[in-house]
Amino acid sequence: MKQLFGGLLLGVGILIMTCSGLCSLVVVFMGFGEAMRDPSIIMLPLLVGGIPFAIGFGLFWGGRALLRQDDGERANFRVPEPPSDGA
């Protein structure tokens with residue numbers, strides 16, 4: 001169950017980071033001419049797109065931590081040996 005939830009968090013985090021990052025990049029390049037006149041306008045897409053990017057990064061980091069935690073638990077799991085008959 002941890003693998004499923006970790007994988008979902010990882011995937012959703014990657015999607016959110018990609019969409020908000022690309023959108024911010026497009027807005028910055030579209031407003032590049034305006035930014036030459038007023039450099040403070042570059043902060044707007046970073047603020048608006050940075051918050052979802054940070055949330056996506058948090059989901060990505062949490063999902064990766066869950067997957068790594070699950071790998072560690074599986075490494076410590078030992079299969080019991082069948083009892084010997086003494087023969």
# chains A, B, ... in the order shown; residues from 1 in each chain; ligands from 1

call {"tool": "residues_around", "arguments": {"residues": "A:Met17", "least_positions_apart": "6", "cutoff": "8 Å", "atoms": "only C-alpha atoms", "output": "PyMOL selection string"}}
result
chain A and resi 52-54+56-57

call {"tool": "write_last_selection", "arguments": {"atoms": "N, CA, C and O atoms", "output": "PDB file, in the first residue's frame"}}
result
ATOM      1  N   PRO A  52       2.647  26.664  -6.474  1.00  0.00           N
ATOM      2  CA  PRO A  52       2.302  25.298  -6.903  1.00  0.00           C
ATOM      3  C   PRO A  52       3.535  24.433  -7.151  1.00  0.00           C
ATOM      4  O   PRO A  52       3.515  23.230  -6.895  1.00  0.00           O
ATOM      5  N   PHE A  53       4.620  25.049  -7.633  1.00  0.00           N
ATOM      6  CA  PHE A  53       5.847  24.291  -7.843  1.00  0.00           C
ATOM      7  C   PHE A  53       6.365  23.750  -6.511  1.00  0.00           C
ATOM      8  O   PHE A  53       6.794  22.594  -6.428  1.00  0.00           O
ATOM      9  N   ALA A  54       6.319  24.575  -5.461  1.00  0.00           N
ATOM     10  CA  ALA A  54       6.773  24.130  -4.141  1.00  0.00           C
ATOM     11  C   ALA A  54       5.877  23.017  -3.592  1.00  0.00           C
ATOM     12  O   ALA A  54       6.368  22.055  -2.983  1.00  0.00           O
ATOM     13  N   GLY A  56       4.163  20.872  -5.456  1.00  0.00           N
ATOM     14  CA  GLY A  56       4.499  19.691  -6.256  1.00  0.00           C
ATOM     15  C   GLY A  56       5.807  19.068  -5.816  1.00  0.00           C
ATOM     16  O   GLY A  56       5.937  17.846  -5.759  1.00  0.00           O
ATOM     17  N   PHE A  57       6.795  19.912  -5.485  1.00  0.00           N
ATOM     18  CA  PHE A  57       8.075  19.388  -5.000  1.00  0.00           C
ATOM     19  C   PHE A  57       7.893  18.678  -3.671  1.00  0.00           C
ATOM     20  O   PHE A  57       8.513  17.639  -3.421  1.00  0.00           O
TER      21      PHE A  57
END

call {"tool": "select_by_dssp", "arguments": {"residues": "stretch 24-84 of chain A", "states": "helix (DSSP H, G or I)", "output": "mmCIF file with N, CA, C and O atoms, in the first residue's frame"}}
result
data_model
loop_
_atom_site.group_PDB
_atom_site.id
_atom_site.type_symbol
_atom_site.label_atom_id
_atom_site.label_comp_id
_atom_site.auth_asym_id
_atom_site.auth_seq_id
_atom_site.Cartn_x
_atom_site.Cartn_y
_atom_site.Cartn_z
ATOM 1 N N SER A 24 5.035 29.048 -15.926
ATOM 2 C CA SER A 24 5.830 30.195 -15.480
ATOM 3 C C SER A 24 6.865 30.577 -16.529
ATOM 4 O O SER A 24 7.106 31.767 -16.776
ATOM 5 N N LEU A 25 7.464 29.586 -17.158
ATOM 6 C CA LEU A 25 8.461 29.854 -18.193
ATOM 7 C C LEU A 25 7.836 30.573 -19.389
ATOM 8 O O LEU A 25 8.408 31.524 -19.913
ATOM 9 N N VAL A 26 6.652 30.144 -19.800
ATOM 10 C CA VAL A 26 5.957 30.785 -20.917
ATOM 11 C C VAL A 26 5.599 32.223 -20.562
ATOM 12 O O VAL A 26 5.798 33.147 -21.364
ATOM 13 N N VAL A 27 5.104 32.444 -19.354
ATOM 14 C CA VAL A 27 4.719 33.791 -18.943
ATOM 15 C C VAL A 27 5.942 34.710 -18.883
ATOM 16 O O VAL A 27 5.876 35.863 -19.299
ATOM 17 N N VAL A 28 7.064 34.199 -18.394
ATOM 18 C CA VAL A 28 8.284 35.007 -18.325
ATOM 19 C C VAL A 28 8.750 35.379 -19.728
ATOM 20 O O VAL A 28 9.106 36.532 -19.985
ATOM 21 N N PHE A 29 8.755 34.435 -20.658
ATOM 22 C CA PHE A 29 9.205 34.737 -22.013
ATOM 23 C C PHE A 29 8.225 35.631 -22.766
ATOM 24 O O PHE A 29 8.635 36.455 -23.578
ATOM 25 N N MET A 30 6.934 35.474 -22.507
ATOM 26 C CA MET A 30 5.945 36.326 -23.177
ATOM 27 C C MET A 30 6.054 37.770 -22.689
ATOM 28 O O MET A 30 5.849 38.697 -23.450
ATOM 29 N N PHE A 32 8.777 39.223 -21.634
ATOM 30 C CA PHE A 32 10.179 39.637 -21.603
ATOM 31 C C PHE A 32 10.344 41.081 -22.067
ATOM 32 O O PHE A 32 11.149 41.831 -21.512
ATOM 33 N N GLY A 33 9.588 41.511 -23.073
ATOM 34 C CA GLY A 33 9.662 42.884 -23.550
ATOM 35 C C GLY A 33 9.198 43.871 -22.490
ATOM 36 O O GLY A 33 9.782 44.946 -22.319
ATOM 37 N N GLU A 34 8.155 43.504 -21.780
ATOM 38 C CA GLU A 34 7.653 44.363 -20.698
ATOM 39 C C GLU A 34 8.618 44.377 -19.521
ATOM 40 O O GLU A 34 8.752 45.387 -18.835
ATOM 41 N N ALA A 35 9.302 43.282 -19.299
ATOM 42 C CA ALA A 35 10.239 43.190 -18.174
ATOM 43 C C ALA A 35 11.463 44.069 -18.385
ATOM 44 O O ALA A 35 12.121 44.448 -17.417
ATOM 45 N N MET A 36 11.769 44.402 -19.630
ATOM 46 C CA MET A 36 12.889 45.310 -19.886
ATOM 47 C C MET A 36 12.576 46.711 -19.358
ATOM 48 O O MET A 36 13.454 47.410 -18.892
ATOM 49 N N ARG A 37 11.293 47.082 -19.415
ATOM 50 C CA ARG A 37 10.887 48.389 -18.905
ATOM 51 C C ARG A 37 10.677 48.375 -17.398
ATOM 52 O O ARG A 37 10.975 49.341 -16.718
ATOM 53 N N PRO A 39 11.537 45.708 -14.432
ATOM 54 C CA PRO A 39 12.082 44.401 -14.030
ATOM 55 C C PRO A 39 11.322 43.720 -12.891
ATOM 56 O O PRO A 39 11.417 42.516 -12.712
ATOM 57 N N SER A 40 10.549 44.466 -12.132
ATOM 58 C CA SER A 40 9.823 43.847 -11.016
ATOM 59 C C SER A 40 8.693 42.944 -11.500
ATOM 60 O O SER A 40 8.158 42.162 -10.719
ATOM 61 N N ILE A 41 8.337 43.024 -12.770
ATOM 62 C CA ILE A 41 7.255 42.192 -13.306
ATOM 63 C C ILE A 41 7.673 40.717 -13.393
ATOM 64 O O ILE A 41 6.825 39.829 -13.456
ATOM 65 N N ILE A 42 8.964 40.448 -13.362
ATOM 66 C CA ILE A 42 9.445 39.061 -13.409
ATOM 67 C C ILE A 42 9.078 38.318 -12.124
ATOM 68 O O ILE A 42 8.893 37.102 -12.138
ATOM 69 N N MET A 43 8.912 39.036 -11.024
ATOM 70 C CA MET A 43 8.584 38.397 -9.748
ATOM 71 C C MET A 43 7.168 37.831 -9.722
ATOM 72 O O MET A 43 6.892 36.899 -8.982
ATOM 73 N N LEU A 44 6.265 38.392 -10.514
ATOM 74 C CA LEU A 44 4.868 37.932 -10.505
ATOM 75 C C LEU A 44 4.729 36.463 -10.921
ATOM 76 O O LEU A 44 4.121 35.681 -10.191
ATOM 77 N N PRO A 45 5.302 36.038 -12.065
ATOM 78 C CA PRO A 45 5.171 34.613 -12.402
ATOM 79 C C PRO A 45 5.919 33.711 -11.430
ATOM 80 O O PRO A 45 5.498 32.585 -11.181
ATOM 81 N N LEU A 46 6.998 34.213 -10.850
ATOM 82 C CA LEU A 46 7.717 33.398 -9.871
ATOM 83 C C LEU A 46 6.890 33.204 -8.611
ATOM 84 O O LEU A 46 6.884 32.127 -8.015
ATOM 85 N N LEU A 47 6.155 34.224 -8.212
ATOM 86 C CA LEU A 47 5.304 34.115 -7.038
ATOM 87 C C LEU A 47 4.093 33.235 -7.309
ATOM 88 O O LEU A 47 3.781 32.327 -6.544
ATOM 89 N N VAL A 48 3.420 33.498 -8.423
ATOM 90 C CA VAL A 48 2.194 32.752 -8.749
ATOM 91 C C VAL A 48 2.519 31.302 -9.128
ATOM 92 O O VAL A 48 1.818 30.378 -8.726
ATOM 93 N N GLY A 49 3.579 31.092 -9.901
ATOM 94 C CA GLY A 49 3.936 29.734 -10.303
ATOM 95 C C GLY A 49 4.826 29.020 -9.304
ATOM 96 O O GLY A 49 4.931 27.796 -9.320
ATOM 97 N N GLY A 50 5.462 29.768 -8.419
ATOM 98 C CA GLY A 50 6.377 29.161 -7.458
ATOM 99 C C GLY A 50 5.670 28.409 -6.349
ATOM 100 O O GLY A 50 6.176 27.401 -5.847
ATOM 101 N N ILE A 51 4.499 28.885 -5.953
ATOM 102 C CA ILE A 51 3.762 28.220 -4.874
ATOM 103 C C ILE A 51 3.294 26.824 -5.301
ATOM 104 O O ILE A 51 3.531 25.844 -4.586
ATOM 105 N N PRO A 52 2.647 26.664 -6.474
ATOM 106 C CA PRO A 52 2.302 25.298 -6.903
ATOM 107 C C PRO A 52 3.535 24.433 -7.151
ATOM 108 O O PRO A 52 3.515 23.230 -6.895
ATOM 109 N N PHE A 53 4.620 25.049 -7.633
ATOM 110 C CA PHE A 53 5.847 24.291 -7.843
ATOM 111 C C PHE A 53 6.365 23.750 -6.511
ATOM 112 O O PHE A 53 6.794 22.594 -6.428
ATOM 113 N N ALA A 54 6.319 24.575 -5.461
ATOM 114 C CA ALA A 54 6.773 24.130 -4.141
ATOM 115 C C ALA A 54 5.877 23.017 -3.592
ATOM 116 O O ALA A 54 6.368 22.055 -2.983
ATOM 117 N N ILE A 55 4.572 23.118 -3.822
ATOM 118 C CA ILE A 55 3.653 22.061 -3.386
ATOM 119 C C ILE A 55 3.948 20.761 -4.141
ATOM 120 O O ILE A 55 3.993 19.680 -3.551
ATOM 121 N N GLY A 56 4.163 20.872 -5.456
ATOM 122 C CA GLY A 56 4.499 19.691 -6.256
ATOM 123 C C GLY A 56 5.807 19.068 -5.816
ATOM 124 O O GLY A 56 5.937 17.846 -5.759
ATOM 125 N N PHE A 57 6.795 19.912 -5.485
ATOM 126 C CA PHE A 57 8.075 19.388 -5.000
ATOM 127 C C PHE A 57 7.893 18.678 -3.671
ATOM 128 O O PHE A 57 8.513 17.639 -3.421
ATOM 129 N N GLY A 58 7.041 19.214 -2.807
ATOM 130 C CA GLY A 58 6.761 18.550 -1.529
ATOM 131 C C GLY A 58 6.109 17.188 -1.720
ATOM 132 O O GLY A 58 6.454 16.220 -1.040
ATOM 133 N N LEU A 59 5.167 17.100 -2.649
ATOM 134 C CA LEU A 59 4.539 15.809 -2.948
ATOM 135 C C LEU A 59 5.547 14.832 -3.535
ATOM 136 O O LEU A 59 5.558 13.645 -3.173
ATOM 137 N N PHE A 60 6.395 15.325 -4.431
ATOM 138 C CA PHE A 60 7.436 14.490 -5.028
ATOM 139 C C PHE A 60 8.383 13.964 -3.953
ATOM 140 O O PHE A 60 8.695 12.775 -3.902
ATOM 141 N N TRP A 61 8.816 14.850 -3.077
ATOM 142 C CA TRP A 61 9.764 14.468 -2.023
ATOM 143 C C TRP A 61 9.122 13.480 -1.044
ATOM 144 O O TRP A 61 9.741 12.500 -0.629
ATOM 145 N N GLY A 62 7.850 13.713 -0.683
ATOM 146 C CA GLY A 62 7.144 12.799 0.218
ATOM 147 C C GLY A 62 6.934 11.423 -0.400
ATOM 148 O O GLY A 62 7.077 10.398 0.266
ATOM 149 N N GLY A 63 6.572 11.386 -1.677
ATOM 150 C CA GLY A 63 6.392 10.103 -2.361
ATOM 151 C C GLY A 63 7.690 9.333 -2.473
ATOM 152 O O GLY A 63 7.731 8.118 -2.284
ATOM 153 N N ARG A 64 8.780 10.047 -2.763
ATOM 154 C CA ARG A 64 10.086 9.394 -2.847
ATOM 155 C C ARG A 64 10.501 8.851 -1.485
ATOM 156 O O ARG A 64 11.048 7.746 -1.389
ATOM 157 N N ALA A 65 10.213 9.601 -0.422
ATOM 158 C CA ALA A 65 10.549 9.132 0.926
ATOM 159 C C ALA A 65 9.747 7.884 1.279
ATOM 160 O O ALA A 65 10.285 6.947 1.888
ATOM 161 N N LEU A 66 8.469 7.856 0.907
ATOM 162 C CA LEU A 66 7.655 6.662 1.173
ATOM 163 C C LEU A 66 8.185 5.445 0.413
ATOM 164 O O LEU A 66 8.237 4.342 0.961
ATOM 165 N N LEU A 67 8.575 5.641 -0.833
ATOM 166 C CA LEU A 67 9.097 4.517 -1.613
ATOM 167 C C LEU A 67 10.424 4.015 -1.045
ATOM 168 O O LEU A 67 10.659 2.812 -0.997
ATOM 169 N N ARG A 68 11.278 4.924 -0.618
ATOM 170 C CA ARG A 68 12.557 4.501 -0.031
ATOM 171 C C ARG A 68 12.351 3.818 1.316
ATOM 172 O O ARG A 68 13.060 2.885 1.651
ATOM 173 N N GLN A 69 11.382 4.282 2.095
ATOM 174 C CA GLN A 69 11.086 3.663 3.382
ATOM 175 C C GLN A 69 10.578 2.241 3.165
ATOM 176 O O GLN A 69 10.952 1.323 3.872
ATOM 177 N N ASP A 70 9.747 2.056 2.153
ATOM 178 C CA ASP A 70 9.212 0.732 1.847
ATOM 179 C C ASP A 70 10.319 -0.208 1.390
ATOM 180 O O ASP A 70 10.319 -1.386 1.745
ATOM 181 N N ASP A 71 11.282 0.280 0.606
ATOM 182 C CA ASP A 71 12.415 -0.543 0.177
ATOM 183 C C ASP A 71 13.235 -0.995 1.375
ATOM 184 O O ASP A 71 13.692 -2.130 1.431
ATOM 185 N N GLY A 72 13.422 -0.114 2.343
ATOM 186 C CA GLY A 72 14.177 -0.467 3.544
ATOM 187 C C GLY A 72 13.470 -1.528 4.371
ATOM 188 O O GLY A 72 14.105 -2.415 4.941
ATOM 189 N N GLU A 73 12.157 -1.447 4.454
ATOM 190 C CA GLU A 73 11.402 -2.451 5.201
ATOM 191 C C GLU A 73 11.447 -3.805 4.503
ATOM 192 O O GLU A 73 11.530 -4.839 5.157
ATOM 193 N N ARG A 74 11.425 -3.811 3.170
ATOM 194 C CA ARG A 74 11.501 -5.081 2.454
ATOM 195 C C ARG A 74 12.883 -5.698 2.556
ATOM 196 O O ARG A 74 13.028 -6.910 2.526
ATOM 197 N N ALA A 75 13.921 -4.878 2.691
ATOM 198 C CA ALA A 75 15.282 -5.408 2.818
ATOM 199 C C ALA A 75 15.462 -6.107 4.164
ATOM 200 O O ALA A 75 16.234 -7.060 4.271
ATOM 201 N N ASN A 76 14.734 -5.642 5.193
ATOM 202 C CA ASN A 76 14.850 -6.244 6.524
ATOM 203 C C ASN A 76 13.945 -7.455 6.699
ATOM 204 O O ASN A 76 14.062 -8.178 7.685
#

call {"tool": "atom_distance", "arguments": {"atom1": "atom CA of A:Leu4", "atom2": "atom CA of A:Cys23"}}
result
28.5 Å
